[in-house]
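Source file query.cif; content: mmCIF, C-alpha atoms (C1' of nucleotides) and all ligand atoms.
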```
data_start
loop_
_atom_site.label_atom_id
_atom_site.label_comp_id
_atom_site.auth_asym_id
_atom_site.auth_seq_id
_atom_site.Cartn_x
_atom_site.Cartn_y
_atom_site.Cartn_z
CA MET A 1 80.30 85.91 94.93
CA GLU A 2 80.49 85.79 91.14
CA VAL A 3 77.42 87.92 90.70
CA PHE A 4 79.44 90.91 91.82
CA THR A 5 82.52 90.41 89.74
CA ASP A 6 81.74 93.38 87.55
CA LEU A 7 80.76 95.65 90.42
CA VAL A 8 83.86 94.67 92.27
CA GLU A 9 85.94 95.40 89.19
CA GLN A 10 84.32 98.80 88.95
CA LEU A 11 85.20 99.58 92.53
CA ARG A 12 88.72 98.37 92.06
CA ARG A 13 89.16 100.67 89.11
CA ARG A 14 88.14 103.53 91.40
CA GLY A 15 90.94 102.58 93.72
CA GLU A 16 88.74 100.79 96.24
CA ARG A 17 90.19 97.68 97.84
CA LEU A 18 88.50 94.34 98.09
CA THR A 19 89.55 92.79 101.37
CA PRO A 20 88.51 89.42 102.80
CA GLN A 21 86.30 91.21 105.33
CA ARG A 22 84.47 93.07 102.61
CA ARG A 23 84.00 89.89 100.59
CA LEU A 24 82.63 88.21 103.70
CA VAL A 25 79.99 90.84 104.39
CA LEU A 26 79.05 90.88 100.73
CA GLU A 27 78.71 87.10 100.72
CA ILE A 28 76.39 87.05 103.73
CA LEU A 29 74.16 89.72 102.26
CA GLN A 30 74.12 87.88 98.98
CA ASN A 31 72.88 84.69 100.63
CA SER A 32 70.09 86.37 102.55
CA GLU A 33 66.68 87.24 101.19
CA GLN A 34 65.89 89.45 104.18
CA HIS A 35 67.09 92.63 105.78
CA LEU A 36 69.91 91.93 108.20
CA SER A 37 71.16 93.95 111.14
CA ALA A 38 74.89 94.44 111.62
CA GLU A 39 74.75 92.03 114.51
CA ALA A 40 72.92 89.41 112.44
CA ILE A 41 75.60 89.73 109.79
CA ALA A 42 78.29 89.18 112.41
CA ARG A 43 76.48 86.09 113.70
CA ALA A 44 76.04 84.74 110.18
CA ILE A 45 79.75 85.12 109.51
CA VAL A 46 80.69 83.28 112.68
CA LEU A 47 78.16 80.57 111.87
CA ARG A 48 79.54 79.99 108.40
CA TYR A 49 83.24 80.41 109.21
CA PRO A 50 83.65 79.54 112.90
CA ASN A 51 87.40 80.04 112.79
CA LEU A 52 87.29 83.50 111.22
CA GLN A 53 86.96 86.72 113.11
CA ILE A 54 85.81 90.13 112.02
CA ASP A 55 85.47 93.20 114.15
CA GLN A 56 82.08 94.84 114.56
CA ALA A 57 83.57 98.24 113.68
CA THR A 58 84.79 96.76 110.42
CA ILE A 59 81.34 95.40 109.67
CA TYR A 60 79.82 98.82 110.19
CA ARG A 61 82.50 100.49 108.12
CA THR A 62 82.08 97.94 105.36
CA LEU A 63 78.32 98.39 105.32
CA LYS A 64 78.74 102.15 105.10
CA TRP A 65 81.17 101.67 102.25
CA LEU A 66 78.84 99.35 100.38
CA HIS A 67 76.00 101.77 100.96
CA GLN A 68 78.07 104.68 99.72
CA HIS A 69 78.75 102.75 96.52
CA ASP A 70 75.08 101.89 96.01
CA LEU A 71 75.53 98.17 96.47
CA VAL A 72 73.67 97.99 99.76
CA SER A 73 70.72 99.80 101.36
CA GLU A 74 70.83 101.04 104.94
CA THR A 75 67.31 101.33 106.27
CA SER A 76 65.59 102.13 109.54
CA LEU A 77 62.37 100.26 110.19
CA GLY A 78 61.65 102.23 113.33
CA GLY A 79 63.51 99.89 115.67
CA ASN A 80 66.71 100.72 117.48
CA HIS A 81 68.98 99.41 114.75
CA MET A 82 69.51 99.77 111.03
CA VAL A 83 68.95 96.93 108.59
CA TYR A 84 70.96 96.23 105.49
CA SER A 85 70.31 94.41 102.25
CA LEU A 86 71.72 94.16 98.78
CA LEU A 87 70.11 96.52 96.33
CA SER A 88 68.57 93.76 94.23
CA ALA A 89 65.21 93.01 92.67
CA HIS A 90 64.19 91.22 95.83
CA HIS A 91 64.33 94.46 97.79
CA ASN A 92 62.86 96.70 95.15
CA HIS A 93 60.35 98.57 97.31
CA HIS A 94 60.04 101.23 100.01
CA HIS A 95 58.54 101.00 103.48
CA LEU A 96 55.75 102.78 105.28
CA VAL A 97 56.40 102.40 108.98
CA CYS A 98 53.68 103.12 111.52
CA ASP A 99 55.10 104.97 114.52
CA GLN A 100 52.41 103.55 116.77
CA CYS A 101 51.94 99.87 115.92
CA HIS A 102 55.25 99.44 114.03
CA THR A 103 53.55 97.81 111.07
CA VAL A 104 55.63 97.93 107.90
CA ILE A 105 53.88 98.27 104.54
CA GLU A 106 55.92 97.68 101.40
CA VAL A 107 55.18 100.07 98.56
CA GLU A 108 56.17 100.24 94.92
CA PRO A 109 59.45 102.00 94.18
CA GLU A 110 57.85 104.08 91.40
CA LEU A 111 56.29 106.26 94.07
CA LEU A 112 59.46 108.26 94.55
CA VAL A 113 60.67 108.38 90.97
CA PRO A 114 59.08 111.79 90.27
CA VAL A 115 60.68 113.19 93.41
CA ALA A 116 64.10 111.92 92.43
CA ALA A 117 63.66 113.34 88.94
CA ALA A 118 62.61 116.74 90.29
CA LEU A 119 65.60 116.89 92.64
CA GLN A 120 67.94 115.92 89.85
CA GLU A 121 66.55 118.53 87.51
CA ARG A 122 66.16 121.45 89.90
CA TYR A 123 69.18 120.96 92.12
CA GLY A 124 71.42 118.51 90.31
CA PHE A 125 71.05 116.41 93.44
CA GLN A 126 71.24 112.66 92.96
CA ALA A 127 69.02 111.38 95.76
CA ARG A 128 69.68 107.94 97.20
CA LEU A 129 66.05 106.82 97.33
CA ALA A 130 66.29 103.04 97.15
CA HIS A 131 64.65 100.84 99.77
CA ILE A 132 63.98 103.65 102.24
CA SER A 133 61.35 104.17 104.94
CA LEU A 134 58.71 106.82 105.39
CA PHE A 135 57.23 107.17 108.85
CA GLY A 136 53.74 108.09 109.95
CA THR A 137 50.46 106.61 111.10
CA CYS A 138 48.77 103.63 109.48
CA ALA A 139 45.07 103.59 108.64
CA ALA A 140 44.11 101.43 111.60
CA CYS A 141 45.95 103.55 114.16
CA ARG A 142 44.59 106.77 112.73
CA LEU A 143 41.01 105.57 113.07
CA GLN A 144 41.75 104.63 116.64
CA ASP A 145 43.26 108.07 117.31
CA GLU A 146 40.19 109.83 115.93
CA GLY A 147 37.92 107.82 118.14
CA GLU A 148 39.82 109.00 121.20
CA VAL A 149 39.71 112.74 120.49
CA MET B 1 54.39 129.67 125.85
CA GLU B 2 51.02 131.17 124.97
CA VAL B 3 51.29 130.25 121.34
CA PHE B 4 50.70 126.65 122.29
CA THR B 5 47.77 127.09 124.62
CA ASP B 6 45.33 125.52 122.21
CA LEU B 7 47.66 122.69 121.25
CA VAL B 8 48.33 122.01 124.89
CA GLU B 9 44.60 121.95 125.58
CA GLN B 10 44.16 119.48 122.74
CA LEU B 11 46.80 117.22 124.19
CA ARG B 12 45.31 117.50 127.65
CA ARG B 13 41.92 116.47 126.34
CA ARG B 14 43.59 113.35 124.95
CA GLY B 15 44.80 112.53 128.43
CA GLU B 16 48.34 113.80 127.88
CA ARG B 17 49.96 115.58 130.81
CA LEU B 18 51.76 118.88 130.71
CA THR B 19 54.64 118.68 133.14
CA PRO B 20 57.20 121.38 133.97
CA GLN B 21 59.83 119.41 132.06
CA ARG B 22 57.69 119.36 128.95
CA ARG B 23 56.94 123.07 129.23
CA LEU B 24 60.65 123.69 129.55
CA VAL B 25 61.63 121.84 126.39
CA LEU B 26 58.80 123.49 124.52
CA GLU B 27 59.93 126.91 125.73
CA ILE B 28 63.50 126.39 124.55
CA LEU B 29 62.39 125.22 121.14
CA GLN B 30 60.03 128.15 120.91
CA ASN B 31 62.82 130.64 121.55
CA SER B 32 65.17 129.16 118.96
CA GLU B 33 65.08 129.82 115.26
CA GLN B 34 67.42 126.94 114.55
CA HIS B 35 67.51 123.19 114.78
CA LEU B 36 68.70 122.09 118.21
CA SER B 37 70.23 118.83 119.33
CA ALA B 38 69.02 117.21 122.53
CA GLU B 39 72.26 118.23 124.18
CA ALA B 40 71.89 121.83 123.02
CA ILE B 41 68.40 121.88 124.51
CA ALA B 42 69.75 120.59 127.80
CA ARG B 43 72.43 123.29 127.80
CA ALA B 44 69.90 125.99 126.97
CA ILE B 45 67.72 124.91 129.87
CA VAL B 46 70.62 125.03 132.31
CA LEU B 47 71.65 128.41 130.93
CA ARG B 48 68.22 129.92 131.41
CA TYR B 49 67.36 128.24 134.70
CA PRO B 50 70.64 127.43 136.41
CA ASN B 51 68.95 126.02 139.47
CA LEU B 52 66.68 123.62 137.59
CA GLN B 53 67.61 120.13 136.56
CA ILE B 54 66.18 117.88 133.90
CA ASP B 55 67.36 114.41 132.98
CA GLN B 56 68.63 113.72 129.46
CA ALA B 57 66.32 110.72 129.21
CA THR B 58 63.39 112.98 129.96
CA ILE B 59 64.48 115.38 127.25
CA TYR B 60 64.64 112.56 124.73
CA ARG B 61 61.29 111.19 125.85
CA THR B 62 59.74 114.65 125.68
CA LEU B 63 61.08 115.28 122.20
CA LYS B 64 59.74 111.94 121.02
CA TRP B 65 56.38 112.80 122.56
CA LEU B 66 56.29 116.21 120.90
CA HIS B 67 57.28 114.61 117.62
CA GLN B 68 54.58 111.98 117.95
CA HIS B 69 52.04 114.76 118.40
CA ASP B 70 53.29 116.70 115.41
CA LEU B 71 54.52 119.68 117.38
CA VAL B 72 58.18 119.05 116.74
CA SER B 73 60.29 117.63 113.92
CA GLU B 74 63.06 115.12 114.53
CA THR B 75 65.55 115.30 111.71
CA SER B 76 68.89 113.79 110.78
CA LEU B 77 71.23 116.04 108.87
CA GLY B 78 73.76 113.28 108.37
CA GLY B 79 75.70 113.96 111.56
CA ASN B 80 75.82 111.66 114.52
CA HIS B 81 72.85 113.25 116.26
CA MET B 82 69.26 114.21 115.57
CA VAL B 83 68.12 117.82 115.52
CA TYR B 84 64.77 119.10 116.67
CA SER B 85 62.67 122.14 115.91
CA LEU B 86 59.12 123.33 116.27
CA LEU B 87 57.01 122.66 113.23
CA SER B 88 56.52 126.30 112.36
CA ALA B 89 56.70 128.49 109.30
CA HIS B 90 60.36 129.08 109.98
CA HIS B 91 61.13 125.44 109.39
CA ASN B 92 58.82 124.90 106.47
CA HIS B 93 61.20 123.07 104.16
CA HIS B 94 62.98 119.76 103.61
CA HIS B 95 66.69 119.00 103.36
CA LEU B 96 68.90 117.49 100.72
CA VAL B 97 72.00 116.21 102.48
CA CYS B 98 75.13 115.30 100.53
CA ASP B 99 76.70 112.13 101.89
CA GLN B 100 80.12 113.25 100.72
CA CYS B 101 80.52 116.95 101.51
CA HIS B 102 77.66 117.16 104.04
CA THR B 103 76.18 120.22 102.35
CA VAL B 104 72.53 120.77 103.24
CA ILE B 105 70.20 122.24 100.63
CA GLU B 106 66.79 123.45 101.76
CA VAL B 107 63.96 122.64 99.38
CA GLU B 108 60.32 123.64 99.17
CA PRO B 109 57.89 121.50 101.16
CA GLU B 110 55.55 121.15 98.18
CA LEU B 111 57.94 118.63 96.72
CA LEU B 112 56.56 115.83 98.84
CA VAL B 113 52.90 116.80 98.84
CA PRO B 114 52.01 114.49 95.93
CA VAL B 115 53.76 111.59 97.66
CA ALA B 116 51.87 112.18 100.90
CA ALA B 117 48.61 112.41 98.97
CA ALA B 118 49.30 109.17 97.11
CA LEU B 119 50.12 107.32 100.33
CA GLN B 120 46.99 108.64 101.99
CA GLU B 121 44.81 107.62 99.09
CA ARG B 122 46.28 104.21 98.29
CA TYR B 123 47.16 102.98 101.77
CA GLY B 124 45.31 105.26 104.18
CA PHE B 125 48.79 105.99 105.52
CA GLN B 126 49.30 109.43 107.02
CA ALA B 127 52.97 110.07 106.34
CA ARG B 128 54.89 112.36 108.65
CA LEU B 129 56.77 114.27 105.97
CA ALA B 130 57.52 117.60 107.59
CA HIS B 131 61.04 118.98 107.74
CA ILE B 132 62.72 115.72 106.76
CA SER B 133 65.99 114.89 105.00
CA LEU B 134 66.74 113.10 101.78
CA PHE B 135 70.27 111.83 101.32
CA GLY B 136 72.39 111.52 98.22
CA THR B 137 75.11 113.26 96.24
CA CYS B 138 75.15 116.96 95.44
CA ALA B 139 75.90 118.31 91.98
CA ALA B 140 79.46 119.34 92.80
CA CYS B 141 80.40 115.99 94.32
CA ARG B 142 78.83 114.04 91.48
CA LEU B 143 80.88 115.92 88.89
CA GLN B 144 83.99 115.18 90.90
CA ASP B 145 83.05 111.49 91.09
CA GLU B 146 82.60 111.27 87.33
CA GLY B 147 85.98 112.81 86.77
CA GLU B 148 87.58 110.08 88.84
CA VAL B 149 86.03 107.08 87.10
"C1'" DA C 1 41.28 119.96 149.99
"C1'" DA C 2 42.14 115.07 150.08
"C1'" DT C 3 42.21 110.61 147.18
"C1'" DA C 4 43.58 107.70 143.64
"C1'" DC C 5 45.85 106.17 139.72
"C1'" DA C 6 47.82 106.47 135.25
"C1'" DG C 7 51.54 108.31 133.40
"C1'" DC C 8 56.00 110.92 134.23
"C1'" DT C 9 60.67 111.35 136.01
"C1'" DG C 10 65.35 110.42 137.66
"C1'" DC C 11 68.77 107.27 137.82
"C1'" DA C 12 71.83 104.03 136.24
"C1'" DA C 13 72.68 100.42 133.25
"C1'" DC C 14 72.48 99.19 128.54
"C1'" DT C 15 72.53 99.20 123.22
"C1'" DA C 16 73.89 100.44 118.65
"C1'" DT C 17 77.18 102.83 116.27
"C1'" DT C 18 81.38 105.71 115.87
"C1'" DC C 19 86.16 107.20 116.42
"C1'" DG C 20 91.33 107.56 117.30
"C1'" DC C 21 95.21 105.27 116.84
"C1'" DA C 22 98.87 101.99 115.90
"C1'" DC C 23 99.60 98.16 113.12
"C1'" DG C 24 98.80 95.23 108.94
"C1'" DA C 25 97.92 94.24 104.25
"C1'" DG C 26 95.93 95.29 99.20
"C1'" DG C 27 97.61 97.15 94.94
"C1'" DT C 28 101.15 99.29 92.09
"C1'" DC C 29 105.43 100.02 90.10
"C1'" DG C 30 109.82 98.69 88.87
"C1'" DC D 1 109.61 89.38 93.77
"C1'" DG D 2 110.18 93.31 96.93
"C1'" DA D 3 109.50 98.04 98.42
"C1'" DC D 4 106.26 101.51 99.07
"C1'" DC D 5 102.27 103.97 100.05
"C1'" DT D 6 97.76 104.28 101.03
"C1'" DC D 7 94.00 102.61 103.03
"C1'" DG D 8 91.68 99.04 106.02
"C1'" DT D 9 91.54 96.64 110.37
"C1'" DG D 10 91.37 95.48 115.29
"C1'" DC D 11 91.06 97.24 119.59
"C1'" DG D 12 89.33 99.89 123.12
"C1'" DA D 13 87.15 103.96 124.42
"C1'" DA D 14 83.61 107.23 123.43
"C1'" DT D 15 78.86 108.90 121.98
"C1'" DA D 16 73.87 109.32 121.22
"C1'" DG D 17 69.95 107.50 122.52
"C1'" DT D 18 67.01 103.80 125.10
"C1'" DT D 19 65.14 101.08 128.81
"C1'" DG D 20 63.70 98.99 133.45
"C1'" DC D 21 62.38 100.14 137.60
"C1'" DA D 22 60.89 102.40 141.78
"C1'" DG D 23 59.18 106.62 143.44
"C1'" DC D 24 56.70 111.06 142.34
"C1'" DT D 25 53.10 114.15 140.35
"C1'" DG D 26 49.46 115.91 137.15
"C1'" DT D 27 44.75 115.49 136.70
"C1'" DA D 28 40.12 113.91 137.40
"C1'" DT D 29 36.89 112.98 140.88
"C1'" DT D 30 34.85 113.62 145.08
MN MN E 201 62.47 95.92 102.60
MN MN E 202 65.71 122.80 108.54
ZN ZN E 203 49.68 101.59 113.05
ZN ZN E 204 78.45 117.14 98.05
#
```
Spit out the file's structure as structure tokens when you get a sec.
Ligand SMILES: [Mn+2]
Ligand SMILES: [Mn+2]
Ligand SMILES: [Zn+2]
Ligand SMILES: [Zn+2]
Amino acid sequence: MEVFTDLVEQLRRRGERLTPQRRLVLEILQNSEQHLSAEAIARAIVLRYPNLQIDQATIYRTLKWLHQHDLVSETSLGGNHMVYSLLSAHHNHHHLVCDQCHTVIEVEPELLVPVAAALQERYGFQARLAHISLFGTCAACRLQDEGEV
Amino acid sequence: MEVFTDLVEQLRRRGERLTPQRRLVLEILQNSEQHLSAEAIARAIVLRYPNLQIDQATIYRTLKWLHQHDLVSETSLGGNHMVYSLLSAHHNHHHLVCDQCHTVIEVEPELLVPVAAALQERYGFQARLAHISLFGTCAACRLQDEGEV
DNA sequence: AATACAGCTGCAACTATTCGCACGAGGTCG
DNA sequence: CGACCTCGTGCGAATAGTTGCAGCTGTATT
């Protein structure tokens, strides 16, 4: 939890509140190296603190809040649920998701830096382009498609 | 409906079927200049053909199918539903969506061409980057945020 | 025109996520 | 420390979108 002391202080100065529920979600994300779904986070909380309870709506609201404040990424990998992870070095990449075979390719974050810069310059728009997904067709599936035409 | 004769033929050659339901959805999208939600499409169908019926699941499946075949875009504008439109000149742009004030800025499609090219070249990945949204904070909201820190 | 079968469709149940509301609890000020 | 106000939480209901399944239909073949 100590890693976030400064971030938490920053939020507090903005008038944001740090509740036990928010600490809990933050702690679970901190201790995971992977993307987690909201449901996985709920399960992890119950597993670690069997006597605590936290509502699913609160988990979603907390994740949205963390995302809004650039502490957490909210990413679709093509499945029917979002996945969440701390914005840390471990998750410093983007995803190419194949619509057909659902393969996920991780790509270097630098790829979108020029786009972000252009948006900032031309529109003053600060794009949230960390740990996102781009969808399409992977090389293998495209070859297969061509063969069928 | 005639605009799509060749596309439809292409799909048919691939073994895809053109059912009345699919024609219907295509027709509604064709006659709209705007983005439409699945529900709006359903309403438009009922309005035009009051005696016909079409299941919502079929509409969703049809839209996904059209999207898969690059005839239709499926886009989030930050609301709680997706919007759909034909991939035509009228919708030849991307969107910058402000997470805070929900403003949508339309930007030139060329912005993402270099990204698509890089993905194609380095990974053989054919990204589906037509009429998509990028999320973040608009200029006005960012100024306001800075003032509050 | 009849056959055959893969691929659609309708239906109803199901999932992930959101929302309204009444109550509870962080943070601030004195 | 206690009051106050604002914001967060739990709860239950609502929403958008998905899925399994059994029956139907577009399309190719004859
Ligand atoms: Mn990742
Ligand atoms: Mn648009
Ligand atoms: Zn693939
Ligand atoms: Zn804004």
How would you report the residues lying within 8 Å of ligand ZN 203 (chain E), as a PyMOL selection string, if you count all atoms listed in the file?
chain A and resi 97-103+137-142
Just C-alpha atoms for this one: save the residues we selected as a PDB file, in the frame of the given file.
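What landed in result-v9.pdb:
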```pdb
ATOM      1  CA  VAL A  97      56.400 102.400 108.980  1.00  0.00           C
ATOM      2  CA  CYS A  98      53.680 103.120 111.520  1.00  0.00           C
ATOM      3  CA  ASP A  99      55.100 104.970 114.520  1.00  0.00           C
ATOM      4  CA  GLN A 100      52.410 103.550 116.770  1.00  0.00           C
ATOM      5  CA  CYS A 101      51.940  99.870 115.920  1.00  0.00           C
ATOM      6  CA  HIS A 102      55.250  99.440 114.030  1.00  0.00           C
ATOM      7  CA  THR A 103      53.550  97.810 111.070  1.00  0.00           C
ATOM      8  CA  THR A 137      50.460 106.610 111.100  1.00  0.00           C
ATOM      9  CA  CYS A 138      48.770 103.630 109.480  1.00  0.00           C
ATOM     10  CA  ALA A 139      45.070 103.590 108.640  1.00  0.00           C
ATOM     11  CA  ALA A 140      44.110 101.430 111.600  1.00  0.00           C
ATOM     12  CA  CYS A 141      45.950 103.550 114.160  1.00  0.00           C
ATOM     13  CA  ARG A 142      44.590 106.770 112.730  1.00  0.00           C
TER      14      ARG A 142
END
```
Could you tell me how far atom CA of A:His94 sits from atom CA of A:Glu108, in Å to one decimal place?
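Those two atoms sit 6.5 Å apart.
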With only C-alpha atoms as the atoms that count, which of B:Leu63, B:Val115, B:Ile45, B:Ala130 lies nearest to chain A?
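So, comparing all the options, the nearest one is B:Val115.
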Define the interface residues of chain B facing chain C as those within 10 Å, counting all atoms listed in the file, and report them as a list of chain:residue names.
B:Gly15, B:Glu16, B:Arg17, B:Leu18, B:Thr19, B:Gln21, B:Ile54, B:Asp55, B:Gln56, B:Ala57, B:Thr58, B:Arg61, B:Asn80
Chain B contacts on chain D, only C-alpha atoms (C1' of nucleotides), 9 Å, as a list in words
DT15, DA16, DG17, DT18, DT25, DG26 and DT27 of chain D
Compute the set of chain B residues within 6 Å of chain A, using all atoms listed in the file, and express it as a ChimeraX atom specification.
/B:14,124-128,135-139,149
10 Å from ligand MN 202 (chain E) is the threshold here; counting all atoms listed in the file, which polymer residues fall inside it? Answer as JSON, numbers by chain.
{"B": [33, 34, 35, 73, 75, 76, 77, 83, 84, 85, 87, 90, 91, 92, 93, 94, 95, 96, 104, 105, 106, 107, 130, 131, 132, 133]}
Atom-to-atom span, atom CA of B:Leu29 and atom CA of B:Leu86, Å
6.2 Å
Atom CA of B:Ile59 to atom CA of A:Gly79, distance in Å rounded to a single decimal:
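Distance reported for this atom pair: 19.4 Å.
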Hey, can I get the axis-aligned box for stretch 123-133 of chain A? All listed atoms, 3 Å padding on each side, centre and edge lengths in Å to one decimal, as JSON.
```
{"center_x": 66.4, "center_y": 110.9, "center_z": 97.6, "size_x": 16.1, "size_y": 26.1, "size_z": 20.6}
```
Just checking: using only C-alpha atoms and all ligand atoms, which residue out of B:Gln53, B:Gln144, B:Gln30, B:Thr62 ends up closest to ligand ZN 204 (chain E)?
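For ligand ZN 204 (chain E), the nearest of the given residues is B:Gln144.
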